[in-house]
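*Asks:* Below you'll find the structure I mean.
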Amino acid sequence: MKRTSTFLLRTVGGVSFLVPVRRNRVGNDIFYLNQMGAHIWNEAENCATPDALVQKIAQHFGVERDVEAWAGIQTFVQELVDIGLLEAIPDTVAAGAGR
């Protein structure tokens, strides 16, 4: 996945948030993230698809696929994609990345 370059993750006093650093389509709001949200942001570029990211995050936090928390992770990742903070890597680019 690709993170937008218009936001940066910052952590101050144990609180993580996404800060807009330039004009973007989301707006100038700051997004506060819990520990899992910050981990999702940090791991996003290590996964090609939203499903791969959800699986990696769920495994890291010990969340089983049939647990409600799995659906919560999926929903949050999809919301990040929908508002343009994360973007899936097209298959052709992802295939070349492993070389």
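Every chain in the structure tokens takes a letter, A first, then B, and so on in the order presented; its residues are numbered from 1, and the ligands are numbered from 1 following the presented order.
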Got a sec: who's within 12 Å of A:Val21, counting only C-alpha atoms, leaving out chain neighbours fewer than 5 positions off, as a PyMOL selection string?
*Replies:* chain A and resi 4-10+26-30
*Asks:* Those residues you just picked out, can you put them in a file as a PDB file, in the first residue's frame with C-alpha atoms?
*Replies:*
ATOM      1  CA  THR A   4      -0.240   9.728   1.129  1.00  0.00           C
ATOM      2  CA  SER A   5       2.642  12.174   1.279  1.00  0.00           C
ATOM      3  CA  THR A   6       0.295  14.918   2.457  1.00  0.00           C
ATOM      4  CA  PHE A   7       0.179  13.596   6.043  1.00  0.00           C
ATOM      5  CA  LEU A   8       2.926  12.612   8.471  1.00  0.00           C
ATOM      6  CA  LEU A   9       2.624  10.490  11.590  1.00  0.00           C
ATOM      7  CA  ARG A  10       3.830  12.215  14.734  1.00  0.00           C
ATOM      8  CA  VAL A  26      -9.020  15.330   3.038  1.00  0.00           C
ATOM      9  CA  GLY A  27      -8.649  18.746   4.646  1.00  0.00           C
ATOM     10  CA  ASN A  28      -6.520  20.213   7.385  1.00  0.00           C
ATOM     11  CA  ASP A  29      -7.840  18.124  10.249  1.00  0.00           C
ATOM     12  CA  ILE A  30      -5.478  16.214  12.503  1.00  0.00           C
TER      13      ILE A  30
END
*Asks:* As a ChimeraX atom specification, please: all residues of chain A that backbone DSSP puts in helix (DSSP H, G or I).
*Replies:* /A:35-46,50-61,68-82,91-97
*Asks:* Deliver the residues from the most recent selection as a file, using N, CA and C atoms, as a tab-separated table (two decimals), in the first residue's frame.
*Replies:*
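Below is the file result00.tsv, written as the result:
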chain	number	residue	atom	x	y	z
A	35	GLN	N	-2.96	3.00	19.37
A	35	GLN	CA	-1.77	2.19	19.09
A	35	GLN	C	-1.94	1.36	17.81
A	36	MET	N	-3.12	0.77	17.64
A	36	MET	CA	-3.34	-0.05	16.45
A	36	MET	C	-3.38	0.83	15.19
A	37	GLY	N	-4.01	1.99	15.27
A	37	GLY	CA	-4.06	2.90	14.12
A	37	GLY	C	-2.68	3.34	13.69
A	38	ALA	N	-1.82	3.66	14.65
A	38	ALA	CA	-0.45	4.05	14.33
A	38	ALA	C	0.32	2.89	13.72
A	39	HIS	N	0.08	1.68	14.23
A	39	HIS	CA	0.75	0.50	13.67
A	39	HIS	C	0.28	0.24	12.24
A	40	ILE	N	-0.99	0.43	11.98
A	40	ILE	CA	-1.53	0.29	10.62
A	40	ILE	C	-0.82	1.28	9.69
A	41	TRP	N	-0.69	2.53	10.11
A	41	TRP	CA	-0.03	3.54	9.28
A	41	TRP	C	1.42	3.14	9.01
A	42	ASN	N	2.12	2.69	10.05
A	42	ASN	CA	3.53	2.33	9.90
A	42	ASN	C	3.74	1.11	9.03
A	43	GLU	N	2.83	0.16	9.07
A	43	GLU	CA	2.99	-1.08	8.31
A	43	GLU	C	2.40	-1.01	6.90
A	44	ALA	N	1.66	0.02	6.60
A	44	ALA	CA	0.95	0.09	5.32
A	44	ALA	C	1.86	-0.12	4.12
A	45	GLU	N	3.02	0.48	4.12
A	45	GLU	CA	3.89	0.38	2.95
A	45	GLU	C	4.59	-0.97	2.84
A	46	ASN	N	4.41	-1.84	3.82
A	46	ASN	CA	4.96	-3.19	3.76
A	46	ASN	C	3.97	-4.20	3.21
A	50	PRO	N	-5.09	-3.86	0.84
A	50	PRO	CA	-5.76	-3.69	2.13
A	50	PRO	C	-5.91	-5.02	2.88
A	51	ASP	N	-6.24	-6.10	2.17
A	51	ASP	CA	-6.41	-7.41	2.83
A	51	ASP	C	-5.11	-7.89	3.46
A	52	ALA	N	-3.99	-7.69	2.77
A	52	ALA	CA	-2.69	-8.09	3.32
A	52	ALA	C	-2.36	-7.27	4.57
A	53	LEU	N	-2.71	-5.99	4.54
A	53	LEU	CA	-2.46	-5.13	5.70
A	53	LEU	C	-3.32	-5.56	6.88
A	54	VAL	N	-4.59	-5.84	6.64
A	54	VAL	CA	-5.49	-6.29	7.71
A	54	VAL	C	-4.95	-7.57	8.33
A	55	GLN	N	-4.53	-8.51	7.49
A	55	GLN	CA	-4.02	-9.78	7.98
A	55	GLN	C	-2.76	-9.57	8.83
A	56	LYS	N	-1.86	-8.72	8.38
A	56	LYS	CA	-0.62	-8.48	9.13
A	56	LYS	C	-0.91	-7.82	10.47
A	57	ILE	N	-1.80	-6.84	10.49
A	57	ILE	CA	-2.14	-6.15	11.73
A	57	ILE	C	-2.84	-7.10	12.70
A	58	ALA	N	-3.78	-7.87	12.19
A	58	ALA	CA	-4.50	-8.82	13.04
A	58	ALA	C	-3.54	-9.83	13.65
A	59	GLN	N	-2.60	-10.32	12.85
A	59	GLN	CA	-1.62	-11.28	13.36
A	59	GLN	C	-0.75	-10.63	14.44
A	60	HIS	N	-0.31	-9.41	14.22
A	60	HIS	CA	0.53	-8.71	15.19
A	60	HIS	C	-0.17	-8.54	16.54
A	61	PHE	N	-1.46	-8.21	16.50
A	61	PHE	CA	-2.21	-7.98	17.72
A	61	PHE	C	-2.95	-9.23	18.22
A	68	GLU	N	-14.82	-9.93	16.24
A	68	GLU	CA	-15.33	-8.63	15.81
A	68	GLU	C	-14.20	-7.63	15.54
A	69	ALA	N	-13.10	-7.74	16.27
A	69	ALA	CA	-11.99	-6.81	16.08
A	69	ALA	C	-11.42	-6.89	14.67
A	70	TRP	N	-11.45	-8.07	14.06
A	70	TRP	CA	-10.96	-8.23	12.68
A	70	TRP	C	-11.76	-7.32	11.76
A	71	ALA	N	-13.08	-7.32	11.91
A	71	ALA	CA	-13.94	-6.45	11.10
A	71	ALA	C	-13.63	-4.99	11.36
A	72	GLY	N	-13.30	-4.65	12.60
A	72	GLY	CA	-12.93	-3.28	12.93
A	72	GLY	C	-11.66	-2.84	12.22
A	73	ILE	N	-10.68	-3.74	12.15
A	73	ILE	CA	-9.44	-3.44	11.44
A	73	ILE	C	-9.74	-3.24	9.96
A	74	GLN	N	-10.54	-4.14	9.39
A	74	GLN	CA	-10.91	-4.03	7.98
A	74	GLN	C	-11.59	-2.70	7.70
A	75	THR	N	-12.52	-2.32	8.56
A	75	THR	CA	-13.27	-1.08	8.37
A	75	THR	C	-12.34	0.13	8.42
A	76	PHE	N	-11.44	0.16	9.40
A	76	PHE	CA	-10.53	1.29	9.53
A	76	PHE	C	-9.60	1.39	8.32
A	77	VAL	N	-9.03	0.28	7.89
A	77	VAL	CA	-8.14	0.29	6.72
A	77	VAL	C	-8.92	0.78	5.49
A	78	GLN	N	-10.15	0.29	5.31
A	78	GLN	CA	-10.95	0.71	4.17
A	78	GLN	C	-11.28	2.20	4.24
A	79	GLU	N	-11.54	2.71	5.43
A	79	GLU	CA	-11.80	4.15	5.59
A	79	GLU	C	-10.57	4.97	5.19
A	80	LEU	N	-9.38	4.51	5.55
A	80	LEU	CA	-8.16	5.20	5.15
A	80	LEU	C	-8.00	5.20	3.63
A	81	VAL	N	-8.37	4.09	2.99
A	81	VAL	CA	-8.33	4.01	1.53
A	81	VAL	C	-9.38	4.95	0.93
A	82	ASP	N	-10.60	4.90	1.47
A	82	ASP	CA	-11.70	5.70	0.92
A	82	ASP	C	-11.43	7.20	0.96
A	91	ASP	N	-1.35	-4.27	-9.13
A	91	ASP	CA	-0.66	-5.57	-9.24
A	91	ASP	C	0.64	-5.50	-9.99
A	92	THR	N	0.71	-4.72	-11.06
A	92	THR	CA	1.94	-4.65	-11.87
A	92	THR	C	3.08	-4.03	-11.07
A	93	VAL	N	2.77	-3.03	-10.24
A	93	VAL	CA	3.81	-2.41	-9.43
A	93	VAL	C	4.21	-3.33	-8.29
A	94	ALA	N	3.23	-3.97	-7.67
A	94	ALA	CA	3.50	-4.88	-6.55
A	94	ALA	C	4.36	-6.05	-7.01
A	95	ALA	N	4.09	-6.57	-8.20
A	95	ALA	CA	4.86	-7.70	-8.72
A	95	ALA	C	6.32	-7.31	-8.93
A	96	GLY	N	6.57	-6.09	-9.38
A	96	GLY	CA	7.93	-5.63	-9.60
A	96	GLY	C	8.67	-5.29	-8.33
A	97	ALA	N	7.94	-5.03	-7.26
A	97	ALA	CA	8.56	-4.64	-6.00
A	97	ALA	C	9.32	-5.78	-5.35
*Asks:* Considering only C-alpha atoms, can you say which of A:Leu85, A:Arg23, A:Pro90, A:Asn34 comes closest to A:Thr11?
*Replies:*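 The answer is A:Asn34, which sits nearest to A:Thr11.
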*Asks:* Find the spatial neighbours of A:Glu87, counting only C-alpha atoms, within a cut-off of 7 Å - ignore same-chain residues fewer than 5 positions away - and output them as JSON, numbers by chain.
*Replies:* {"A": [1, 2, 3, 81]}
*Asks:* May I have the selected residues written with C-alpha atoms, as a PDB file, in the first residue's frame?
*Replies:*
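Everything below was put into again_31.pdb:
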ATOM      1  CA  MET A   1       0.000   0.000   0.000  1.00  0.00           C
ATOM      2  CA  LYS A   2       1.098   3.560  -0.438  1.00  0.00           C
ATOM      3  CA  ARG A   3       0.663   6.229   2.219  1.00  0.00           C
ATOM      4  CA  VAL A  81      -8.333   4.008   1.532  1.00  0.00           C
TER       5      VAL A  81
END
*Asks:* Write out as a PDB file with C-alpha atoms, in the first residue's frame all residues of stretch 5-96 of chain A that backbone DSSP assigns to strand (DSSP E or B).
*Replies:*
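Output file selection34.pdb follows:
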ATOM      1  CA  PHE A   7       0.179  13.596   6.043  1.00  0.00           C
ATOM      2  CA  LEU A   8       2.926  12.612   8.471  1.00  0.00           C
ATOM      3  CA  LEU A   9       2.624  10.490  11.590  1.00  0.00           C
ATOM      4  CA  ARG A  10       3.830  12.215  14.734  1.00  0.00           C
ATOM      5  CA  THR A  11       3.883  10.917  18.303  1.00  0.00           C
ATOM      6  CA  VAL A  12       4.138  13.320  21.214  1.00  0.00           C
ATOM      7  CA  VAL A  15      -0.185  10.220  21.576  1.00  0.00           C
ATOM      8  CA  SER A  16       0.010   9.488  17.831  1.00  0.00           C
ATOM      9  CA  PHE A  17      -1.626  11.613  15.189  1.00  0.00           C
ATOM     10  CA  LEU A  18      -1.535  12.278  11.457  1.00  0.00           C
ATOM     11  CA  VAL A  19      -0.708  15.877  10.646  1.00  0.00           C
ATOM     12  CA  PRO A  20      -1.391  17.468   7.252  1.00  0.00           C
ATOM     13  CA  PHE A  31      -6.316  12.506  12.872  1.00  0.00           C
ATOM     14  CA  TYR A  32      -5.612  11.055  16.303  1.00  0.00           C
ATOM     15  CA  LEU A  33      -4.643   7.373  16.237  1.00  0.00           C
ATOM     16  CA  LEU A  86      -3.811   4.955   1.856  1.00  0.00           C
ATOM     17  CA  GLU A  87      -3.782   3.608  -1.667  1.00  0.00           C
TER      18      GLU A  87
END
